[in-house]
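Colleague: There's a structure below that I have some questions on.
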Amino acid sequence: MPDFEPKIVAFVCNWCTYAGADLTGTSRMKYSPQVSIIRFPCTGRIDFMLLLKAFASGADGIIVSGCHPNDCHYSSGNFHARRRWIIFRGLLDFLGIDVRRVQFSWYGRWGRSRATSACAAWA
Amino acid sequence: MKTGFYPGCSMKGSAREYSESLLAVAAALGRDLPEVPDWNCCGATAAHNLDPDLALALPARILAAAEKEGMDEVLVPCAACYSRLSVTRHELLADEALRRRISGLVEADFRGSARVLNIIEWLAAIPGLEGMVKAPFARRVACYYGCLLVRPAGVVNFDRPEEPQSMDLLMKKIGAEPLDWAFKTECCGAGFSVSRTDLVAKLSGLILEDAVARGAEAVIVACPMCHLNLDMRRPNIERRAGKKYHIPVIYITQALGLAMGLPAKKLGLQRHKVAVKFPAANSAAKDI
Amino acid sequence: MARIGVFICHCGENISATVDVGKVAEAAARIPGVAHSVDYKYMCSDPGQQMVQNAIREKNLTGVVVAACSPRMHEPTFRRACAAAGLNPFLCEMANIREHCSWVHEKGDATTEKAIDIVRTLVAKVKKNKALQPIKVPVTKVAMVIGGGIAGIQASLDIANAGHRVILVEREPSIGGHMSQLSETFPTLDCSQCILTPRMVEVAQHANITLHTYSELESLEGFIGNFKARIRKKARSLDEKLCTGCGLCAQKCPTRRIASEFDAGLGLRPAIYVPFPQAVPNKPVIDREHCTYYLKGKCRLCEKVCPTQAIRFDQEDEIVEVDVGAVVLATGFDIKHSDFFPEYGYGKHKDVIDGLQFERLASASGPTLGEMRRPSDGKVPETVVFVACAGSRDPAKGIEYCSKICCMYTAKHAMLYKHKVHHGKPYVFYMDIRAGGKMYEEFVRRAMEEDGVQYVRGRVSRIFERNGKLVVKGADTLLGARPMEIEADMVVLATAGVAQAGAEELAQKLHVSYDAHKFYAEAHPKLRPVETNTAGIFLAGACQAPKDIPESVAQASGAAAKVAALFSQAELVREPLIAVVDRQAPPLYSSCVGCFLCQSACPYQAIEKEEIRGRDGQLLKTVAKVNPGLCQGCGTCVAFCRTKSIDIQGFSHEQVHAEVLALLNRGDRDA
Amino acid sequence: MESEKRSIERGALSRLVEQWLSQGKRVLAPMHSGDKVDFAWVTSLDDVSLDHVQTVQSPKTAVFPRVEELFSFRSADGRVEVRERDLGALPEIVVLGLRPCDAAAMAALGAIFNWDAPDRLFSARLARTTLVTIACSRADEHCFCTSVGGGPGAVAGSDILLTDMGQGAYLAEIVSAKGREAARAAGPLFAPAPGMDKESRLATVAKAFSPDAIAAALERMFDAGGFWEEQSRRCVGCGACAYVCPTCACFDIQDEGGISGQRLRCWDSCGFGLFTLHTSGHNPRWLQSQRWRQRLMHKFAYMPERQQALGCVGCGRCSRACPVDMNILEHLRAVAEAKP
Amino acid sequence: MNALREKARELLAAKTVQVVIGYGRGSGGSARAVFMRAPAQAAELIFDATCLQNLAVYLMKPEVRKLGKAALVATPAALRTILQLAAENQVADNSLLALAPVGEDIMPLATFAAIEAHVAAADHDLSAAEGAELGKFAAMGLEERRRFWEEQFSRCLKCYACRAACPLCYCTRCTVECNQPQWIPVPAHDLGNLEWNVMRAMHLAGRCVNCGDCSRACPVGIPLYLLNQKLISDVSSVFQARSGMAARSDNAMSTFKPNDPEDFIR
């Protein structure tokens with residue numbers, strides 16, 4: 001399906017991953033324009049309802065990315081987020097929604113290209 | 001709690017007195033020690049120089065046989081066998097793929113359910129040992145642990161690797177007076193006994209020198225290899241040192257047997273190169 | 001009706017090279033609520049900012065979206081510009097169409113389409129932005145320094161000299177810390193008393209510093225700028241005002257054979273004692289565990305001899321409550337004492353001692369008055385072996401880090417030994433020499449070449465006593481790992497530097513995080529070494545990790561600078577991007593149901609309980625309330641709250657919801 | 001006008017259903033789903049369940065669906081273009097197997113929807129719906145149609161009323177003009193009705209109360225706070241009773257989509273707190289007891305007074321669906337016996 | 001049964017409680033909640049296999065709280081609900097008396113500690129049958145599961161009986177009633193139903209005590225208990241946490257462990 005253009009929304013934390021995306025920009029790395037970024041103070045702030053709303057509004061793939069454990073600017077936001085992701089992912093899978101459509105990651109600078117390739121490959 | 005017994009080659013060969021004294025003590029304590037059925041050589045130091053898989057396969061086959069027999073733990077009196085079996089069990093439990101491969105190799109399913117015990121662990125676990133003592137072994141003794149009984153620390157997890165105390169405590173239980181000396185875990189020359197006897201003479205010599213200097217009346221060991229070098233190589237030691245050492249070297253099971261009043265013959269004392277007798281003069285116990 | 005201004009930047013041609021900025025401006029103009037949409041070559045330039053300000057004034061815009069570079073770059077710039085034009089700065093958002101769009105995609109419709117998407121997303125967000133005012137939190141301009149070692153002393157002096165009051169809390173009867181126990185210090189061999197005592201006196205006499213010795217922190221509540229500390233002043237059994245420090249009581253006290261902590265157990269002290277001659281304050285304290293009066297109710301000799309009747313046997317601990325605005329943790333470190341090395345005979349042979357004990361032997365105020373005599377029989381040791389890395393860099397012993405200062409003080413010890421025993425033969429067993437400071441390498445080189453210290457590169461395997469001598473078995477790896485034995489008269493172990501006893505409990509009282517070895521965790525190892533993750537609490541010295549005196553002093557001054565910066569403003573001004581719990585009209589009062597599970601989600605303990613009472617005072621509801629001083633705006637509670645009662649300003653539910661819908665072409669509804 | 005009596009065999013009825021489907025009509029009938037019976041779009045008579053007392057949900061979904069689009073709108077270049085629903089495109093529906101009370105309920109719905117400003121969408125749907133009712137041969141403790149002017153064999157509201165006469169034959173009373181049109185279109189499928197005795201096949205439903213007495217009692221009880229609290233203590237405030245009720249007509253309006261999208265109408269219930277929440281935060285019916293009072297007052301006091309039509313047809317679905325067993329019959333008797 | 005009636009009459013007569021909430025005979029022979037205020041009414045009390053409703057839902061109803069201190073006939077699930085409500089600061093200690101039927105007689109539990117002890121004695125994990133049913137779902141293919149739930153949710157009316165019947169859904173303004181922004185669409189179309197049911201399950205993660213009232217209340221019979229049991233089994237197997245066992249306990253979803261498994265995070 002060459003013309004199928006997956007719409008991918010990236011929910012990212014403002015510290016590691018947003019800065020990572022900026023760095024990906026300054027080093028002129030290319031990735032698919034289908035990925036758009038929404039900024040949050042921390043992955044702890046990303047509510048599962050938003051992922052749901054993104055799917056309901058037509059997103060094909062979702063990336064949720066934040067700082068590595070122990071690197072969180074607020075010390076524990078990513079830990080809390082991880083625990084919710086584990087349960088939310090289990091529920092989505094239970095409901096028959098393909099969890100490969102939601103990619104969780106701890107991403108630094110090189111993340112952007114790897115993320116899009118993952119989602120694009122899926123698409 | 002079913003305890004199996006893995007004799008290994010030395011207990012049937014050069015260390016028959018260790019086996020005799022062990023079985024005599026066990027009988028006296030009312031503890032039966034069924035041998036692991038169809039046991040094979042543990043590979044000792046030779047196997048892992050030849051082939052790492054062989055070094056794991058031999059002990060794995062032994063432990064698998066013990067498990068099939070329903071043994072919860074296996075007493076391994078010889079320190080070298082004890083070290084090989086412990087290391088094998090540790091590595092196979094840590095790596096599931098390796099466990100499956102080695103089990104396949106020996107066509108026996110090794111599960112790792114049987115624990116590996118050395119002689120001190122087994123004796124220490126027997127309640128009321130003091131009560132069994134009829135003739136306290138009132139001698140000043142130097143407890144010699146050797147190298148393999150307490151190492152590698154991370155795997156064996158038995159006593160403190162650098163400064164062990166467990167044998168000293170056991171000897172105190174049977175009335176002995178363990179001395180504080182510096183060669184508890186220094187090497188006796190081990191396998192060089194045949195190829196580099198001169199080295200053994202030097203290293204074992206140093207051990208005996210320190211023991212005698214501290215006034216020890218006997219050296220207590222728990223490993224056939226240590227006994228071999230300290231006892232059988234005594235002429236080489238004396239020739240190199242240019243002086244005589246009369247200090248006897250006995251197994252912990254023999255010391256325990258003597259303390260329990262078992263006859264010397266049953267303990268195999270007559271098999272030693274260095275006569276096992278204590279000059280009346282310097283035995284402190286005699287004066288009480 | 002929203003009146004949004006959209007400003008598309010070419011960024012020279014960084015953006016316009018791949019994004020059709022004209023088309024984006026056109027598309028933006030068509031978004032409902034956009035009243036002004038232009039593009040310009042350099043938005044962040046002065047003319048560019050001028051354009052924004054003029055548009056705000058002419059079209060009285062209610063929101064601004066600048067589509068240009070990353071908000072991490074110019075958000076402050078444009079927010080200041082909007083503020084200058086009278087628009088609340090938090091009604092201005094940046095749409096990142098450079099790093100996240102023009103730079104990372106090829107030229108083409110898709111890229112321009114994405115730029116429009118991003119602009120539409122941020123326009124939707126800005127419509128839901130609220131005008132926010134920075135949070136102003138009052139600051140109590142008093143600092144509390146915990147720990148009276150060199151780091152605590154330096155921090156206190158710097159803060160006090162910056163004109164602020166300081167409360168220095170020290171657990172021991174005197175300030176000075178481990179430095180006061182040292183004989184000389186590397187690399188200059190200054191006598192530690194000579195360079196430390198003046199500072200201690202300066203602290204005691206400084207008008208701005210209140211000194212609480214023999215005291216510990218009982219509890220700390222509150223938040224940056226508004227801490228409430230309760231300090232427990234342990235009873236010295238002495239009235240400090242009356243006591244002149246004459247020392248008669250100590251001389252007369254019959255119970256004399258107590259191991260002196262100051263002399264690291266080598267010397268003895270009476271039950272009523274002054275730790276060391278230069279102690280500040282120079283007032284004794286009664287050791288209630290050993291004083292005969294407290295054990296058997298008899299004696300009271302010190303009371304009789306005291307010329308000023310200053311002894312108070314019935315004195316009780318006293319709790320002092322103080323308000324402080326900042327806390328500097330300078331509790332220092334300790335060296336490993338326990339039977340950590342049975343194979344070295346530490347604790348079994350009296351002549352196997354640790355570094356601090358050697359310092360006391362070498363110190364003029366030490367038990368041997370500076371003469372090099374060994375603890376067992378007082379003889380002068382002819383051969384001394386110094387063992388470096390005794391515990392450090394040894395994962396098997398559970399301490400894998402390098403304690404940093406042992407190489408230096410071991411070289412110093414060897415040098416001091418040679419200066420006192422010219423014919424003595426010092427050996428040092430080492431793995432690697434770590435002498436990275438200024439004049440450090442030269443110092444160690446001098447010990448080797450001028451003072452003839454025999455450095456042996458190898459580990460010591462065992463130390464045992466043989467006819468009066470300490471046999472040190474080791475190996476010299478530089479000579480083919482040849483095993484060697486040295487018959488020594490004394491052995492000094494440079495044991496590992498570990499966290500101070502009680503460090504963990506203190507950290508829990510202050511909600512400061514610490515690592516596996518109980519050293520306090522800095523906010524960022526490279527960029528914020530003197531701050532912690534808890535706002536208002538700073539670090540100085542070895543409590544953060546083992547370090548030498550120069551580094552501790554530098555960190556202390558760094559922490560003091562941070563405190564001074566904090567106290568420089570009348571009020572603490574912080575970005576208002578923090579969480580707020582919703583309040584509504586009666587009868588609901590708030591959608592929060594008071595389950596308080598958000599409290600366990602908050603890493604800063606910023607969520608408190610608030611009781612809502614009716615006019616008649618009857619309790620209606622207990623709901624959550626966010627403390628603006630503590631909340632750092634991570635939003636973990638916001639995503640957790642089931643009823644969406646807690647929201648974070650700047651990333652509120654409405655804002656992010658609008659962003660998601662706008663990004664996925666659902667667009668926002670209100671015209 | 002006396003309704004014309006005919007009869008129809010089960011086989012003929014099945015062919016009639018196929019005829020309707022072939023004519024592009026959609027057939028709504030009770031179907032088994034799990035251990036419950038509910039209305040669903042059927043494709044043949046075999047799907048239809050005929051042996052149940054009452055379905056979980058009412059057939060009102062044919063004329064007042066859970067969610068329906070009122071109109072859609074598109075916004076381009078600042079102008080908003082509204083596109084009305086094409087009423088002509090609404091499907092022709094035949095509801096087969098509903099009960100006489102459900103048929104009577106359509107009138108109650110009409111009383112609300114066409115009260116002052118006629119609802120064109122509802123009326124269009126009703127006009128396109130043919131009601132082929134099956135009289136009740138069995139009833140349970142929750143049925144009380146006879147107390148509210150209905151009956152197991154009442155013809156009111158139906159287009160054709162079938163009564164199962166046993167051995168696969170049905171008495172068919174052609175009631176309305178639409179019924180006659182349907183019977184005519186069915187042609188030979190309907191046969192003459194040789195003296196079938198309908199009464200003997202009908203269930204018996206005891207009369208429990210008189211609606212006028214209830215209406216009169218309710219007039220005086222608006223402020224009887226304690227009574228309503230006592231009555232509604234068990235109620236946990238969900239919307240089940242309203243959503244299964246054939247006569248509940250309350251709805252909520254929601255706009256969905258963004259700049260372009262649709263305006264949707266969907267069911268709502270006076271049992272919800274949000275129903276009467278004012279933007280100021282004030283809520284006249286803050287407590288559950290006040291909402292329960294509203295349910296009874298609307299159906300048994302306000303509607304008779306303003307629309308001269310009872311808001312309840314006695315189908316008993318609300319009692320059966322209630323998770324906490326709020327039995328409306330019990331509560332109505334309590335209202336009747338309550339002393340002022 | 002009469003031990004229960006005797007106890008209720010005694011409590012009401014001595015005014016130790018102002019209301020006894022228990023089960024009475026309802027329409028069609030089923031059991032339903034009854035609120036005894038006078039000692040004489042105690043005779044109406046029954047307790048048998050049909051008494052399944054989790055009466056703890058009434059502890060959170062303002063009109064019932066207004067009556068004063070209540071005694072509650074509590075099934076094991078109701079007891080665990082009380083502890084979970086306590087862990088969420090909704091009920092205070094000694095503010096209620098739980099009457100736990102044990103065989104024929106009645107165990108009065110006046111404090112949370114007593115309830116904890118009573119609850120700890122029984123085993124509260126998912127039963128083998130429940131585990132097997134979840135296993136059946138896991139064995140199903142992704143597509144098959146999606147179709148199953150799509151069909152189930154297509155029947156959802158959004159009548160919120162599941163929310164009303166659940167004692168842990170006590171939020172005065174539920175997120176469903178939040179329209180700034182409209183998180184959950186009001187209409188009962190496919191998307192709206194999916195978002196509602198996912199939100200309901202997620203908001204009960206680490207809290208639900210598996211009493212089954214939501215499934216019993218659903219007029220169209222959607223097997224909602226499956227969603228909750230799935231999350232209960234995940235929370236207990238992955239985080240080793242179980243809800244409703246202690247009055248003072250952390251919530252599995254608002255705490256974390258540094259070593260939570262993250263095999264899916266790259």
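Residues are named by chain letter and number: chains run A, B, ... in the order of the structure tokens, numbers start at 1 in each chain, and ligands are numbered from 1 in the order shown.
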Can you list, as an mmCIF file with N, CA, C and O atoms, in the first residue's frame, every protein, DNA or RNA residue that comes within 12 Å of Lys172 in chain B when you count only C-alpha atoms, leaving out same-chain residues fewer than 4 positions away?
Modeller:
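Output saved as part18.cif:
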```cif
data_model
loop_
_atom_site.group_PDB
_atom_site.id
_atom_site.type_symbol
_atom_site.label_atom_id
_atom_site.label_comp_id
_atom_site.auth_asym_id
_atom_site.auth_seq_id
_atom_site.Cartn_x
_atom_site.Cartn_y
_atom_site.Cartn_z
ATOM 1 N N ALA B 124 28.654 -29.773 61.089
ATOM 2 C CA ALA B 124 28.105 -28.641 61.862
ATOM 3 C C ALA B 124 26.586 -28.765 61.979
ATOM 4 O O ALA B 124 25.988 -28.344 62.967
ATOM 5 N N LEU B 129 26.554 -32.501 68.965
ATOM 6 C CA LEU B 129 27.820 -33.204 68.715
ATOM 7 C C LEU B 129 28.641 -33.287 70.009
ATOM 8 O O LEU B 129 29.239 -34.310 70.332
ATOM 9 N N GLU B 130 28.573 -32.162 70.807
ATOM 10 C CA GLU B 130 29.389 -32.151 72.039
ATOM 11 C C GLU B 130 29.020 -33.356 72.929
ATOM 12 O O GLU B 130 29.879 -34.026 73.500
ATOM 13 N N VAL B 133 30.925 -36.618 72.688
ATOM 14 C CA VAL B 133 32.379 -36.684 72.948
ATOM 15 C C VAL B 133 32.609 -37.446 74.272
ATOM 16 O O VAL B 133 32.121 -37.036 75.333
ATOM 17 N N PRO B 136 37.618 -36.102 75.259
ATOM 18 C CA PRO B 136 37.890 -34.821 74.568
ATOM 19 C C PRO B 136 39.263 -34.842 73.908
ATOM 20 O O PRO B 136 40.236 -35.317 74.510
ATOM 21 N N PHE B 137 39.298 -34.341 72.687
ATOM 22 C CA PHE B 137 40.540 -34.356 71.903
ATOM 23 C C PHE B 137 41.358 -33.145 72.348
ATOM 24 O O PHE B 137 41.467 -32.144 71.640
ATOM 25 N N ALA B 138 41.836 -33.191 73.604
ATOM 26 C CA ALA B 138 42.414 -31.975 74.220
ATOM 27 C C ALA B 138 43.819 -31.754 73.675
ATOM 28 O O ALA B 138 44.811 -32.091 74.317
ATOM 29 N N ARG B 139 43.930 -31.259 72.488
ATOM 30 C CA ARG B 139 45.242 -30.993 71.864
ATOM 31 C C ARG B 139 45.216 -29.583 71.281
ATOM 32 O O ARG B 139 44.140 -29.107 70.894
ATOM 33 N N ARG B 140 46.420 -29.020 71.196
ATOM 34 C CA ARG B 140 46.509 -27.728 70.473
ATOM 35 C C ARG B 140 46.583 -28.082 68.980
ATOM 36 O O ARG B 140 47.477 -28.843 68.548
ATOM 37 N N VAL B 141 45.619 -27.580 68.193
ATOM 38 C CA VAL B 141 45.571 -28.001 66.781
ATOM 39 C C VAL B 141 45.628 -26.781 65.859
ATOM 40 O O VAL B 141 45.202 -25.677 66.216
ATOM 41 N N ALA B 142 46.221 -27.036 64.665
ATOM 42 C CA ALA B 142 46.208 -25.990 63.618
ATOM 43 C C ALA B 142 45.241 -26.476 62.542
ATOM 44 O O ALA B 142 45.478 -27.503 61.895
ATOM 45 N N CYS B 143 44.113 -25.778 62.424
ATOM 46 C CA CYS B 143 43.093 -26.205 61.432
ATOM 47 C C CYS B 143 43.515 -25.685 60.058
ATOM 48 O O CYS B 143 43.637 -24.464 59.856
ATOM 49 N N GLN B 165 36.529 -19.796 59.989
ATOM 50 C CA GLN B 165 36.454 -20.100 61.428
ATOM 51 C C GLN B 165 35.752 -21.436 61.682
ATOM 52 O O GLN B 165 35.839 -21.984 62.772
ATOM 53 N N SER B 166 35.062 -21.985 60.662
ATOM 54 C CA SER B 166 34.108 -23.084 60.935
ATOM 55 C C SER B 166 34.811 -24.331 61.492
ATOM 56 O O SER B 166 34.334 -24.954 62.445
ATOM 57 N N MET B 167 35.984 -24.695 60.954
ATOM 58 C CA MET B 167 36.644 -25.915 61.455
ATOM 59 C C MET B 167 37.142 -25.681 62.885
ATOM 60 O O MET B 167 37.001 -26.539 63.760
ATOM 61 N N ASP B 168 37.614 -24.434 63.114
ATOM 62 C CA ASP B 168 38.087 -24.120 64.479
ATOM 63 C C ASP B 168 36.958 -24.345 65.489
ATOM 64 O O ASP B 168 37.128 -24.977 66.541
ATOM 65 N N ALA B 176 39.164 -29.575 71.556
ATOM 66 C CA ALA B 176 40.524 -29.193 71.101
ATOM 67 C C ALA B 176 40.707 -27.699 71.324
ATOM 68 O O ALA B 176 39.750 -26.962 71.591
ATOM 69 N N GLU B 177 41.956 -27.234 71.149
ATOM 70 C CA GLU B 177 42.265 -25.809 71.313
ATOM 71 C C GLU B 177 42.834 -25.321 69.979
ATOM 72 O O GLU B 177 44.042 -25.488 69.698
ATOM 73 N N PRO B 178 41.973 -24.788 69.116
ATOM 74 C CA PRO B 178 42.466 -24.368 67.790
ATOM 75 C C PRO B 178 43.375 -23.145 67.927
ATOM 76 O O PRO B 178 43.040 -22.198 68.661
ATOM 77 N N LEU B 179 44.507 -23.156 67.270
ATOM 78 C CA LEU B 179 45.472 -22.038 67.364
ATOM 79 C C LEU B 179 45.173 -21.003 66.283
ATOM 80 O O LEU B 179 44.598 -21.325 65.222
ATOM 81 N N ILE B 252 39.613 -34.386 59.948
ATOM 82 C CA ILE B 252 38.698 -33.897 60.991
ATOM 83 C C ILE B 252 37.823 -35.063 61.490
ATOM 84 O O ILE B 252 37.505 -35.168 62.681
ATOM 85 N N ALA B 255 39.795 -37.010 63.995
ATOM 86 C CA ALA B 255 39.841 -36.305 65.306
ATOM 87 C C ALA B 255 38.527 -36.528 66.028
ATOM 88 O O ALA B 255 38.474 -36.897 67.214
ATOM 89 N N LEU B 256 37.429 -36.393 65.287
ATOM 90 C CA LEU B 256 36.088 -36.581 65.879
ATOM 91 C C LEU B 256 35.961 -38.026 66.375
ATOM 92 O O LEU B 256 35.506 -38.288 67.500
ATOM 93 N N ALA B 259 37.756 -38.469 69.528
ATOM 94 C CA ALA B 259 37.014 -37.821 70.644
ATOM 95 C C ALA B 259 35.815 -38.675 71.036
ATOM 96 O O ALA B 259 35.395 -38.693 72.192
#
```
Colleague: Please identify which residues in range 9-55 of chain A DSSP calls strand (DSSP E) from the backbone, and express them as a PyMOL selection string.
Modeller: chain A and resi 9-13+35-40
Colleague: Selection from above, C-alpha atoms, as a short mmCIF file (atom, residue, chain, number, x, y, z; two decimals), in the first residue's frame, can you write it?
Modeller:
```
data_model
loop_
_atom_site.label_atom_id
_atom_site.label_comp_id
_atom_site.auth_asym_id
_atom_site.auth_seq_id
_atom_site.Cartn_x
_atom_site.Cartn_y
_atom_site.Cartn_z
CA VAL A 9 1.61 11.04 17.06
CA ALA A 10 4.63 11.21 19.38
CA PHE A 11 3.94 12.07 23.03
CA VAL A 12 7.31 13.09 24.38
CA CYS A 13 8.77 14.40 27.60
CA VAL A 35 5.42 11.81 12.76
CA SER A 36 4.31 14.85 14.76
CA ILE A 37 5.36 15.69 18.30
CA ILE A 38 3.32 16.87 21.29
CA ARG A 39 5.35 18.17 24.26
CA PHE A 40 4.70 17.23 27.87
#
```
Colleague: Would you list which chain D residues are within 8 Å of chain C using only C-alpha atoms, as a PDB file with N, CA and C atoms, in the first residue's frame?
Modeller:
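iface_2.pdb, written as the output of this step:
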```
ATOM      1  N   ASP D  77     -13.145  28.053   4.575  1.00  0.00           N
ATOM      2  CA  ASP D  77     -12.835  29.487   4.345  1.00  0.00           C
ATOM      3  C   ASP D  77     -13.788  30.376   5.143  1.00  0.00           C
ATOM      4  N   GLY D  78     -13.976  29.992   6.416  1.00  0.00           N
ATOM      5  CA  GLY D  78     -14.725  30.904   7.273  1.00  0.00           C
ATOM      6  C   GLY D  78     -16.227  30.770   7.140  1.00  0.00           C
ATOM      7  N   GLY D 257     -16.810  15.930  16.088  1.00  0.00           N
ATOM      8  CA  GLY D 257     -15.982  16.320  14.924  1.00  0.00           C
ATOM      9  C   GLY D 257     -15.344  17.654  15.260  1.00  0.00           C
ATOM     10  N   GLY D 258     -14.718  18.289  14.327  1.00  0.00           N
ATOM     11  CA  GLY D 258     -14.030  19.549  14.650  1.00  0.00           C
ATOM     12  C   GLY D 258     -14.700  20.696  13.933  1.00  0.00           C
ATOM     13  N   ILE D 259     -13.956  21.317  13.016  1.00  0.00           N
ATOM     14  CA  ILE D 259     -14.516  22.456  12.265  1.00  0.00           C
ATOM     15  C   ILE D 259     -15.653  21.918  11.410  1.00  0.00           C
ATOM     16  N   SER D 260     -15.495  20.668  10.926  1.00  0.00           N
ATOM     17  CA  SER D 260     -16.653  20.056  10.234  1.00  0.00           C
ATOM     18  C   SER D 260     -17.022  18.817  11.044  1.00  0.00           C
ATOM     19  N   SER D 280     -23.791  27.257  36.735  1.00  0.00           N
ATOM     20  CA  SER D 280     -23.322  27.934  37.963  1.00  0.00           C
ATOM     21  C   SER D 280     -22.817  26.924  38.974  1.00  0.00           C
ATOM     22  N   GLY D 281     -23.110  25.649  38.747  1.00  0.00           N
ATOM     23  CA  GLY D 281     -22.704  24.638  39.727  1.00  0.00           C
ATOM     24  C   GLY D 281     -23.881  24.196  40.562  1.00  0.00           C
ATOM     25  N   HIS D 282     -24.943  25.053  40.580  1.00  0.00           N
ATOM     26  CA  HIS D 282     -26.150  24.671  41.350  1.00  0.00           C
ATOM     27  C   HIS D 282     -26.835  23.507  40.651  1.00  0.00           C
TER      28      HIS D 282
END
```
Colleague: Show me, as a ChimeraX atom specification, every residue of chain E with an atom at most 12 Å from chain C, counting only C-alpha atoms.
Modeller: /E:60,62,84-91,168-184,199-207,248-256
Colleague: Starting from chain A, keep only residues with some atom at most 12 Å from an atom of chain D, counting only C-alpha atoms, and report them as a list in words.
Modeller: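 Close enough to count are Ala56, Ser57 and Gly58 of chain A.
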Colleague: For the selection you just gave me, I'd like the residues written to a file as a CSV table (one decimal), in the first residue's frame, keeping C-alpha atoms.
Modeller:
```csv
chain,number,residue,atom,x,y,z
A,56,ALA,CA,-10.2,7.6,18.4
A,57,SER,CA,-9.3,10.8,16.5
A,58,GLY,CA,-7.6,8.8,13.7
```
Colleague: Select residues of chain C: the criterion is any atom within 10 Å of an atom of chain B, counting only C-alpha atoms; output as a CSV table (one decimal) with N, CA and C atoms, in the first residue's frame.
Modeller:
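Saved as out.csv:
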```csv
chain,number,residue,atom,x,y,z
C,341,PHE,N,38.7,-6.5,57.2
C,341,PHE,CA,39.8,-7.2,56.6
C,341,PHE,C,40.3,-8.2,57.7
C,342,PRO,N,39.6,-9.3,58.0
C,342,PRO,CA,40.1,-10.3,58.9
C,342,PRO,C,41.5,-10.7,58.5
C,343,GLU,N,41.8,-10.9,57.2
C,343,GLU,CA,43.1,-11.4,56.8
C,343,GLU,C,44.2,-10.4,57.0
C,344,TYR,N,43.8,-9.1,57.3
C,344,TYR,CA,44.9,-8.2,57.6
C,344,TYR,C,45.1,-8.1,59.2
C,345,GLY,N,44.2,-8.8,59.9
C,345,GLY,CA,44.4,-8.8,61.3
C,345,GLY,C,44.0,-7.5,61.9
C,396,ALA,N,34.2,-7.3,45.7
C,396,ALA,CA,33.9,-8.4,46.6
C,396,ALA,C,33.6,-7.9,48.0
C,461,SER,N,48.2,-9.9,50.6
C,461,SER,CA,47.3,-11.0,50.7
C,461,SER,C,47.0,-11.3,52.2
C,462,ARG,N,48.0,-11.2,53.0
C,462,ARG,CA,47.7,-11.6,54.4
C,462,ARG,C,48.7,-10.9,55.3
C,463,ILE,N,48.3,-10.5,56.5
C,463,ILE,CA,49.2,-10.0,57.5
C,463,ILE,C,49.1,-10.9,58.8
C,464,PHE,N,50.2,-11.4,59.3
C,464,PHE,CA,50.1,-12.2,60.5
C,464,PHE,C,51.3,-11.9,61.4
C,465,GLU,N,51.1,-12.2,62.6
C,465,GLU,CA,52.1,-11.9,63.6
C,465,GLU,C,53.1,-13.1,63.8
C,466,ARG,N,54.4,-12.8,63.7
C,466,ARG,CA,55.3,-14.0,63.9
C,466,ARG,C,56.5,-13.4,64.7
C,467,ASN,N,56.7,-14.1,65.8
C,467,ASN,CA,57.7,-13.7,66.9
C,467,ASN,C,57.9,-12.1,66.9
C,471,VAL,N,54.2,-9.9,59.8
C,471,VAL,CA,54.7,-10.4,58.5
C,471,VAL,C,53.6,-10.0,57.4
```
Colleague: Taking only C-alpha atoms into account and nothing else, which residues of chain E lie no more than 9 Å away from chain D? Please answer as a PyMOL selection string.
Modeller: chain E and resi 26-28+30-35+53+57-58+61-64+157-165+172-173+177+185-189+213+216-221
